[in-house]
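Listing of coords-v3.pdb, PDB, C-alpha atoms
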```pdb
ATOM      1  CA  MET A 293      75.490  93.395  84.798
ATOM      2  CA  LYS A 294      76.998  90.171  86.109
ATOM      3  CA  LYS A 295      74.824  87.749  88.006
ATOM      4  CA  ARG A 296      74.974  88.147  91.781
ATOM      5  CA  PHE A 297      76.562  85.227  93.607
ATOM      6  CA  GLY A 298      74.233  85.527  96.584
ATOM      7  CA  SER A 299      73.153  88.058  99.160
ATOM      8  CA  VAL A 300      74.815  86.320 102.081
ATOM      9  CA  LEU A 301      78.528  86.722 102.682
ATOM     10  CA  LEU A 302      79.919  83.205 102.407
ATOM     11  CA  LEU A 303      83.295  83.863 103.947
ATOM     12  CA  ALA A 304      83.729  83.217 107.648
ATOM     13  CA  LEU A 305      87.409  83.899 108.062
ATOM     14  CA  ALA A 306      87.730  82.206 111.400
ATOM     15  CA  GLY A 307      86.449  78.967 109.891
ATOM     16  CA  VAL A 308      88.403  78.969 106.645
ATOM     17  CA  ALA A 309      91.438  76.707 106.378
ATOM     18  CA  PRO A 310      94.576  78.843 106.604
ATOM     19  CA  ALA A 311      95.810  80.166 103.265
ATOM     20  CA  VAL A 312      99.344  81.221 104.009
ATOM     21  CA  CYS A 313     101.231  83.741 101.939
ATOM     22  CA  ALA A 314     103.360  81.741  99.528
ATOM     23  CA  ILE A 315     105.167  84.675  97.962
ATOM     24  CA  ASP A 316     108.891  84.942  98.528
ATOM     25  CA  LEU A 317     111.839  86.020  96.438
ATOM     26  CA  GLY A 318     113.182  82.501  96.186
ATOM     27  CA  GLY A 319     109.855  81.232  94.915
ATOM     28  CA  ILE A 320     109.466  83.704  92.060
ATOM     29  CA  LEU A 321     112.963  83.923  90.603
ATOM     30  CA  SER A 322     112.816  82.811  86.972
ATOM     31  CA  THR A 323     114.844  79.756  86.021
ATOM     32  CA  ALA A 324     116.249  78.810  82.626
ATOM     33  CA  GLN A 325     113.836  75.872  82.413
ATOM     34  CA  ARG A 326     110.721  77.998  82.978
ATOM     35  CA  ILE A 327     111.936  80.522  80.420
ATOM     36  CA  ALA A 328     112.779  77.762  77.947
ATOM     37  CA  ASP A 329     109.311  76.235  78.339
ATOM     38  CA  THR A 330     107.763  79.629  77.660
ATOM     39  CA  ALA A 331     109.881  80.186  74.548
ATOM     40  CA  LYS A 332     108.583  77.219  72.561
ATOM     41  CA  PRO A 333     107.313  78.115  69.052
ATOM     42  CA  ALA A 334     103.667  77.577  70.002
ATOM     43  CA  ALA A 335     104.100  79.318  73.331
ATOM     44  CA  ASP A 336     101.275  78.791  75.795
ATOM     45  CA  PRO A 337      99.742  82.181  76.745
ATOM     46  CA  ALA A 338      99.307  80.914  80.303
ATOM     47  CA  ALA A 339     103.014  80.108  80.512
ATOM     48  CA  GLN A 340     103.849  83.570  79.222
ATOM     49  CA  GLU A 341     101.600  85.157  81.833
ATOM     50  CA  LYS A 342     103.254  83.064  84.532
ATOM     51  CA  LEU A 343     106.733  84.193  83.503
ATOM     52  CA  LEU A 344     105.766  87.865  83.333
ATOM     53  CA  GLY A 345     103.908  87.572  86.635
ATOM     54  CA  GLU A 346     107.034  86.227  88.317
ATOM     55  CA  GLU A 347     109.164  89.028  86.914
ATOM     56  CA  ALA A 348     106.606  91.684  87.900
ATOM     57  CA  ALA A 349     106.321  90.242  91.417
ATOM     58  CA  ARG A 350     110.112  90.299  91.641
ATOM     59  CA  GLU A 351     110.056  93.970  90.696
ATOM     60  CA  ILE A 352     107.474  94.828  93.359
ATOM     61  CA  LEU A 353     109.255  92.856  96.078
ATOM     62  CA  SER A 354     112.555  94.546  95.191
ATOM     63  CA  ARG A 355     111.055  97.816  96.458
ATOM     64  CA  ALA A 356     110.034  96.656  99.938
ATOM     65  CA  PRO A 357     109.981  93.361 101.866
ATOM     66  CA  LEU A 358     106.980  91.347 102.926
ATOM     67  CA  ALA A 359     105.583  92.406 106.291
ATOM     68  CA  PRO A 360     106.693  89.863 108.944
ATOM     69  CA  LEU A 361     103.106  89.435 110.176
ATOM     70  CA  PRO A 362     101.853  85.876 109.528
ATOM     71  CA  GLY A 363      98.379  86.494 110.953
ATOM     72  CA  LEU A 364      97.799  89.538 108.780
ATOM     73  CA  GLN A 365      99.215  87.789 105.710
ATOM     74  CA  ARG A 366      96.862  84.844 106.254
ATOM     75  CA  TYR A 367      93.868  87.133 106.738
ATOM     76  CA  VAL A 368      94.548  89.119 103.546
ATOM     77  CA  ASN A 369      95.042  85.870 101.603
ATOM     78  CA  GLN A 370      91.767  84.435 102.864
ATOM     79  CA  LEU A 371      89.826  87.563 102.010
ATOM     80  CA  GLY A 372      91.571  87.999  98.656
ATOM     81  CA  ARG A 373      90.984  84.422  97.589
ATOM     82  CA  TYR A 374      87.343  84.626  98.581
ATOM     83  CA  LEU A 375      86.907  87.702  96.390
ATOM     84  CA  ALA A 376      88.904  86.196  93.526
ATOM     85  CA  ALA A 377      86.741  83.069  93.571
ATOM     86  CA  GLY A 378      83.896  85.212  92.239
ATOM     87  CA  SER A 379      85.987  86.970  89.610
ATOM     88  CA  GLY A 380      85.669  84.382  86.878
ATOM     89  CA  ARG A 381      89.417  83.679  86.648
ATOM     90  CA  THR A 382      90.027  80.219  87.985
ATOM     91  CA  ASP A 383      93.066  79.609  85.775
ATOM     92  CA  VAL A 384      95.575  81.339  88.058
ATOM     93  CA  ASP A 385      96.871  80.588  91.544
ATOM     94  CA  TRP A 386      95.844  83.726  93.420
ATOM     95  CA  ARG A 387      98.448  85.006  95.909
ATOM     96  CA  PHE A 388      98.015  88.031  98.149
ATOM     97  CA  ALA A 389     100.656  89.706 100.290
ATOM     98  CA  VAL A 390     101.214  92.690 102.563
ATOM     99  CA  ILE A 391     104.384  94.691 101.947
ATOM    100  CA  ASP A 392     106.153  96.501 104.776
ATOM    101  CA  ASP A 393     106.036 100.002 103.292
ATOM    102  CA  ALA A 394     104.730 103.205 104.882
ATOM    103  CA  SER A 395     103.564 104.616 101.542
ATOM    104  CA  ALA A 396      99.924 103.989 100.647
ATOM    105  CA  ASN A 397      99.610 101.828  97.561
ATOM    106  CA  ALA A 398      98.558  98.480  96.123
ATOM    107  CA  TRP A 399      99.671  96.609  93.031
ATOM    108  CA  ALA A 400      98.711  93.620  90.946
ATOM    109  CA  ALA A 401     100.878  91.504  88.670
ATOM    110  CA  PRO A 402      99.989  88.979  85.961
ATOM    111  CA  ASP A 403      99.149  85.430  87.029
ATOM    112  CA  GLY A 404      97.302  86.358  90.217
ATOM    113  CA  TYR A 405      99.752  88.330  92.374
ATOM    114  CA  VAL A 406      98.237  91.108  94.507
ATOM    115  CA  PHE A 407     100.195  93.295  96.937
ATOM    116  CA  VAL A 408      99.048  95.933  99.425
ATOM    117  CA  THR A 409     101.256  98.081 101.662
ATOM    118  CA  THR A 410     101.002  98.534 105.407
ATOM    119  CA  GLY A 411     100.698 102.242 104.626
ATOM    120  CA  MET A 412      97.516 101.577 102.668
ATOM    121  CA  LEU A 413      96.124  99.360 105.416
ATOM    122  CA  ALA A 414      96.639 102.197 107.895
ATOM    123  CA  ASP A 415      93.906 104.090 106.043
ATOM    124  CA  VAL A 416      91.588 101.085 105.851
ATOM    125  CA  GLY A 417      88.971 100.874 108.583
ATOM    126  CA  SER A 418      86.918  97.801 107.728
ATOM    127  CA  GLU A 419      86.949  94.536 105.848
ATOM    128  CA  ALA A 420      84.646  96.080 103.234
ATOM    129  CA  GLU A 421      87.194  98.823 102.584
ATOM    130  CA  LEU A 422      89.989  96.262 102.227
ATOM    131  CA  ALA A 423      87.724  94.223  99.952
ATOM    132  CA  GLY A 424      87.302  97.295  97.747
ATOM    133  CA  VAL A 425      91.082  97.738  97.445
ATOM    134  CA  LEU A 426      91.731  94.056  96.741
ATOM    135  CA  ALA A 427      88.827  93.756  94.282
ATOM    136  CA  HIS A 428      90.271  96.654  92.259
ATOM    137  CA  GLU A 429      93.621  94.834  92.006
ATOM    138  CA  ILE A 430      91.938  91.511  91.255
ATOM    139  CA  GLU A 431      90.177  93.104  88.295
ATOM    140  CA  HIS A 432      93.529  94.274  86.919
ATOM    141  CA  VAL A 433      94.528  90.606  86.767
ATOM    142  CA  VAL A 434      91.164  89.453  85.426
ATOM    143  CA  GLN A 435      91.296  91.999  82.603
ATOM    144  CA  ARG A 436      95.021  91.332  82.047
ATOM    145  CA  HIS A 437      95.809  95.040  82.218
ATOM    146  CA  HIS A 438      99.457  94.667  83.237
ATOM    147  CA  LEU A 439     100.045  91.711  80.936
ATOM    148  CA  LYS A 440      98.793  93.656  77.909
ATOM    149  CA  ALA A 441     100.777  96.749  78.905
ATOM    150  CA  ILE A 442     104.027  94.754  79.228
ATOM    151  CA  GLN A 443     103.445  93.015  75.915
ATOM    152  CA  ALA A 444     102.674  96.301  74.182
ATOM    153  CA  ALA A 445     105.774  97.950  75.637
ATOM    154  CA  SER A 446     107.881  95.007  74.477
ATOM    155  CA  ARG A 447     106.351  95.368  70.988
ATOM    156  CA  ARG A 448     106.126  91.568  70.738
ATOM    157  CA  GLY A 449     102.818  90.108  71.788
ATOM    158  CA  GLN A 450     104.307  86.592  71.828
ATOM    159  CA  LEU A 451     107.604  87.713  73.431
ATOM    160  CA  ALA A 452     109.693  85.789  70.915
ATOM    161  CA  GLU A 453     112.897  87.097  72.466
ATOM    162  CA  LEU A 454     112.392  84.645  75.340
ATOM    163  CA  ALA A 455     114.129  81.996  73.249
ATOM    164  CA  GLY A 456     117.348  83.984  73.409
ATOM    165  CA  ILE A 457     116.845  84.656  77.092
ATOM    166  CA  ALA A 458     116.466  80.929  77.772
ATOM    167  CA  GLN A 459     119.632  80.003  75.896
ATOM    168  CA  ASP A 460     121.755  82.708  77.485
ATOM    169  CA  THR A 461     120.381  82.143  80.986
ATOM    170  CA  ALA A 462     120.992  78.395  80.775
ATOM    171  CA  ALA A 463     124.591  79.067  79.702
ATOM    172  CA  ALA A 464     125.088  81.567  82.508
ATOM    173  CA  GLU A 465     123.818  79.094  85.111
ATOM    174  CA  GLY A 466     126.399  76.578  83.982
ATOM    175  CA  ALA A 467     129.258  79.066  83.867
ATOM    176  CA  SER A 468     131.673  79.909  86.653
ATOM    177  CA  THR A 469     130.988  83.622  86.251
ATOM    178  CA  VAL A 470     127.589  85.273  86.040
ATOM    179  CA  THR A 471     126.864  87.291  82.913
ATOM    180  CA  VAL A 472     124.009  89.744  82.557
ATOM    181  CA  ASN A 473     121.509  88.756  79.890
ATOM    182  CA  PRO A 474     120.653  91.941  77.967
ATOM    183  CA  GLU A 475     117.254  90.709  76.789
ATOM    184  CA  LEU A 476     116.177  89.675  80.270
ATOM    185  CA  GLU A 477     117.430  92.967  81.682
ATOM    186  CA  LYS A 478     115.488  94.804  78.973
ATOM    187  CA  LEU A 479     112.312  92.939  79.897
ATOM    188  CA  ARG A 480     112.841  93.692  83.582
ATOM    189  CA  GLY A 481     113.439  97.342  82.724
ATOM    190  CA  THR A 482     110.163  97.455  80.818
ATOM    191  CA  ILE A 483     108.325  95.991  83.799
ATOM    192  CA  GLY A 484     110.028  98.415  86.205
ATOM    193  CA  GLN A 485     109.039 101.389  84.070
ATOM    194  CA  LEU A 486     105.429 100.218  83.997
ATOM    195  CA  TYR A 487     105.233 100.111  87.788
ATOM    196  CA  GLU A 488     106.906 103.512  88.031
ATOM    197  CA  ARG A 489     104.471 105.275  85.717
ATOM    198  CA  GLY A 490     101.384 103.121  86.317
ATOM    199  CA  LEU A 491      98.708 101.814  83.984
ATOM    200  CA  SER A 492      96.598 103.930  81.693
ATOM    201  CA  ARG A 493      93.816 106.103  83.063
ATOM    202  CA  GLY A 494      91.295 103.884  81.264
ATOM    203  CA  ASP A 495      92.629 100.699  82.881
ATOM    204  CA  GLU A 496      92.500 102.211  86.370
ATOM    205  CA  LEU A 497      88.941 103.492  85.972
ATOM    206  CA  ASP A 498      87.908 100.140  84.496
ATOM    207  CA  ALA A 499      89.320  98.311  87.532
ATOM    208  CA  ASP A 500      87.491 100.744  89.822
ATOM    209  CA  ARG A 501      84.142 100.083  88.160
ATOM    210  CA  ARG A 502      84.557  96.332  87.983
ATOM    211  CA  GLY A 503      86.049  96.168  91.469
ATOM    212  CA  VAL A 504      83.105  97.780  93.262
ATOM    213  CA  GLU A 505      80.797  95.380  91.426
ATOM    214  CA  LEU A 506      82.900  92.380  92.456
ATOM    215  CA  ALA A 507      82.955  93.531  96.096
ATOM    216  CA  GLY A 508      79.183  93.973  96.024
ATOM    217  CA  GLN A 509      78.646  90.585  94.442
ATOM    218  CA  ARG A 510      80.663  88.952  97.187
ATOM    219  CA  GLY A 511      78.522  90.535  99.883
ATOM    220  CA  TYR A 512      80.520  93.634 100.853
ATOM    221  CA  ASP A 513      79.476  97.263 101.011
ATOM    222  CA  PRO A 514      80.260  98.556  97.493
ATOM    223  CA  TYR A 515      81.224 101.929  98.962
ATOM    224  CA  GLY A 516      84.363 100.436 100.555
ATOM    225  CA  LEU A 517      86.808 101.599  97.895
ATOM    226  CA  MET A 518      85.296 105.081  97.837
ATOM    227  CA  LEU A 519      85.751 105.396 101.600
ATOM    228  CA  VAL A 520      89.441 104.489 101.285
ATOM    229  CA  LEU A 521      89.943 107.030  98.500
ATOM    230  CA  GLN A 522      88.238 109.727 100.570
ATOM    231  CA  LYS A 523      90.630 109.020 103.459
ATOM    232  CA  LEU A 524      93.630 109.150 101.157
ATOM    233  CA  GLY A 525      92.377 112.414  99.690
ATOM    234  CA  ALA A 526      92.154 113.892 103.164
ATOM    235  CA  HIS A 527      95.937 113.519 103.519
ATOM    236  CA  GLY A 528      96.550 116.372 101.124
ATOM    237  CA  LYS A 529      98.375 116.299  97.801
ATOM    238  CA  ASP A 530     101.730 117.104  99.393
ATOM    239  CA  ASP A 531     101.712 114.080 101.711
ATOM    240  CA  ALA A 532     104.879 112.100 100.919
ATOM    241  CA  SER A 533     103.141 108.791 101.647
ATOM    242  CA  LEU A 534     100.909 109.360  98.605
ATOM    243  CA  ALA A 535     103.673 110.246  96.131
ATOM    244  CA  SER A 536     103.729 106.845  94.415
ATOM    245  CA  PHE A 537      99.958 106.454  94.567
ATOM    246  CA  THR A 538      99.186 109.798  92.963
ATOM    247  CA  ARG A 539     101.884 109.305  90.319
ATOM    248  CA  THR A 540     100.491 105.964  89.181
ATOM    249  CA  HIS A 541      96.727 106.603  89.397
ATOM    250  CA  PRO A 542      94.183 109.108  88.088
ATOM    251  CA  SER A 543      93.271 111.902  90.504
ATOM    252  CA  ILE A 544      91.281 110.876  93.545
ATOM    253  CA  GLU A 545      88.631 113.463  92.651
ATOM    254  CA  GLU A 546      88.081 111.932  89.214
ATOM    255  CA  ARG A 547      87.993 108.402  90.592
ATOM    256  CA  LEU A 548      85.420 109.310  93.226
ATOM    257  CA  LYS A 549      83.212 111.010  90.652
ATOM    258  CA  LYS A 550      83.322 107.992  88.340
ATOM    259  CA  LEU A 551      82.832 105.560  91.221
ATOM    260  CA  GLU A 552      79.769 107.389  92.496
ATOM    261  CA  ALA A 553      78.092 106.872  89.129
ATOM    262  CA  ALA A 554      79.251 103.242  88.977
ATOM    263  CA  VAL A 555      77.881 102.428  92.430
ATOM    264  CA  GLU A 556      74.538 104.024  91.580
ATOM    265  CA  ASP A 557      74.241 101.615  88.644
ATOM    266  CA  LEU A 558      74.807  98.495  90.759
ATOM    267  CA  ASP A 559      72.146  95.929  91.539
ATOM    268  CA  PRO A 560      70.051  97.259  94.484
ATOM    269  CA  ALA A 561      70.362  93.804  96.040
ATOM    270  CA  PHE A 562      74.011  94.623  96.795
ATOM    271  CA  PHE A 563      72.866  97.072  99.497
ATOM    272  CA  PRO A 564      73.356  97.119 102.385
ATOM    273  CA  GLY A 565      76.551  95.121 102.202
ATOM    274  CA  ARG A 566      78.696  93.826 105.044
ATOM    275  CA  THR A 567      81.395  96.076 106.510
ATOM    276  CA  GLN A 568      82.998  93.912 109.223
ATOM    277  CA  GLU A 569      84.872  96.652 111.089
ATOM    278  CA  GLU A 570      85.483  94.539 114.186
ATOM    279  CA  ARG A 571      86.886  91.600 112.246
ATOM    280  CA  TYR A 572      89.245  93.885 110.372
ATOM    281  CA  ARG A 573      90.528  95.408 113.624
ATOM    282  CA  LYS A 574      91.042  91.922 115.028
ATOM    283  CA  TYR A 575      93.282  90.737 112.203
ATOM    284  CA  ALA A 576      94.878  93.959 110.975
ATOM    285  CA  GLN A 577      97.490  94.178 113.696
ATOM    286  CA  PHE A 578     100.694  95.854 112.498
TER     287      PHE A 578
END
```
Can you give me the file's structure in the form of structure tokens?
Amino acid sequence: MKKRFGSVLLLALAGVAPAVCAIDLGGILSTAQRIADTAKPAADPAAQEKLLGEEAAREILSRAPLAPLPGLQRYVNQLGRYLAAGSGRTDVDWRFAVIDDASANAWAAPDGYVFVTTGMLADVGSEAELAGVLAHEIEHVVQRHHLKAIQAASRRGQLAELAGIAQDTAAAEGASTVTVNPELEKLRGTIGQLYERGLSRGDELDADRRGVELAGQRGYDPYGLMLVLQKLGAHGKDDASLASFTRTHPSIEERLKKLEAAVEDLDPAFFPGRTQEERYRKYAQF
């Protein structure tokens, strides 16, 4: 059991300096220089995670745009960064964003990217519930679930093929015509397939367990994620808005069963946690 950070919720969103959403397509497109830096013989693992995080974020943003709601984006960033501050990973620049998509889902990407859809937020009724969703995604990043899955799928833990990508991309940028780099396209295809099929059952259940603990540590009702899952389950398995969610996650029934046991094992000091329904309704305008 991790040590509790304190029984009082430290975040007062209205008093926190604005943390604007800094995610945009122009800001995450890989450049030849970043790829070249990553491809050095003694490649820095942090640089590799940064590159793969950018490519994974690109993949997610190619599916739906960011929601044009600055207030909501700021709110989700403030809450997400507060949660992430207790996660133990201070080596990444955490970025949170709301995607304009009616389907209910949330994703994480290496190097601290976390995305949640407006469709998911429609089923969220409190800040504690949102904290449960975000904490689950944060734990994917903390445990490097996506990073390890991409590396395993590429069958090169050090991604040595980045050297070729750097050379070819640099040449393409200096050419009058754009050529498609096959290695880069292969890497992007691997990332796209991962987000289509989802992580392993074990990774998802691990993020559930760790996420409810993180939410509780940061002062929120640990039942938040369970409440969201119950609402999603009430939609029915044939609901089109859940197609991606159910394809990429274990069954809601299994997750709820495992989460019930996980919550029962939490430090009693986590209860009762904050819920903050009114504050969520104030900021979650979409």
Next on the checklist: On this structure, the PyMOL selection byres ((chain A and resi 421) around 8) would catch which residues? List them as a VMD selection string, sorted by chain and number.
Outcome noted: chain A and resid 416 to 420 422 to 425 515 to 517 519 to 520 567
Checklist entry - Mind telling me what the PyMOL selection byres ((chain A and resi 426) around 12) catches here, as a PyMOL selection string? => result chain A and resi 368-376+379+386-390+397-400+404-409+412-413+416+419-425+427-433+499-500+502-504+506-507+512+516-517+520
Next on the checklist: I need the residue nearest Ile544 in chain A from this list: A:Leu497, A:Ala576, A:Ala445, A:Ala356. Use only C-alpha atoms for the distance.
Outcome noted: A:Leu497
Next on the checklist: Using the chain letters and numbers from this file, what does the PyMOL selection byres ((chain A and resi 383) around 10) select? Give the answer as a ChimeraX atom specification.
Outcome noted: /A:338,380-382,384-386,403-404
Checklist entry - What lies within 9 Å of Ser395 in chain A using all atoms listed in the file, ignoring chain neighbours under 6 positions off, as an NGL selection string? => result :A and (409-412 or 532-537)
Keeping only C-alpha atoms, take the residues you just selected and write them out as a short mmCIF file (atom, residue, chain, number, x, y, z; two decimals), in the coordinates of the input.
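This is the output file out.cif:
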```cif
data_model
loop_
_atom_site.label_atom_id
_atom_site.label_comp_id
_atom_site.auth_asym_id
_atom_site.auth_seq_id
_atom_site.Cartn_x
_atom_site.Cartn_y
_atom_site.Cartn_z
CA THR A 409 101.26 98.08 101.66
CA THR A 410 101.00 98.53 105.41
CA GLY A 411 100.70 102.24 104.63
CA MET A 412 97.52 101.58 102.67
CA ALA A 532 104.88 112.10 100.92
CA SER A 533 103.14 108.79 101.65
CA LEU A 534 100.91 109.36 98.60
CA ALA A 535 103.67 110.25 96.13
CA SER A 536 103.73 106.84 94.42
CA PHE A 537 99.96 106.45 94.57
#
```
Checklist entry - In terms of the shortest atom-to-atom distance over all atoms listed in the file, which of A:Leu524, A:Gly494, A:Arg366, A:Pro514 is closest to Glu552 in chain A? => result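 Comparing A:Leu524, A:Gly494, A:Arg366, A:Pro514 against Glu552 in chain A, the winner is A:Pro514.
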Next on the checklist: Using only C-alpha atoms, which protein or nucleic acid residues come within 9 Å of Gln577 in chain A? Drop anything in the same chain fewer than 3 positions from it, and give the result as a ChimeraX atom specification.
Outcome noted: /A:361,363-364,572-574
Could you save the residues just selected, with C-alpha atoms, as a PDB file, in the coordinates of the input?
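Dumped to again.pdb:
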```
ATOM      1  CA  LEU A 361     103.106  89.435 110.176  1.00  0.00           C
ATOM      2  CA  GLY A 363      98.379  86.494 110.953  1.00  0.00           C
ATOM      3  CA  LEU A 364      97.799  89.538 108.780  1.00  0.00           C
ATOM      4  CA  TYR A 572      89.245  93.885 110.372  1.00  0.00           C
ATOM      5  CA  ARG A 573      90.528  95.408 113.624  1.00  0.00           C
ATOM      6  CA  LYS A 574      91.042  91.922 115.028  1.00  0.00           C
TER       7      LYS A 574
END
```
Next on the checklist: Report, in Å to a single decimal, how far apart CA of Gln568 in chain A and CA of Asp495 in chain A are.
Outcome noted: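 If I compute the distance from CA of Asp495 in chain A to CA of Gln568 in chain A, I get 28.9 Å.
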Using all atoms of range 561-567 of chain A listed in the file and a margin of 5 Å per side, can you give the axis-aligned box centre and edge lengths in Å to one decimal, as JSON?
```
{"center_x": 75.9, "center_y": 95.5, "center_z": 101.3, "size_x": 21.0, "size_y": 13.3, "size_z": 20.5}
```
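Relative to CA of Glu475 in chain A, CA of His438 in chain A is found at 19.3 Å.
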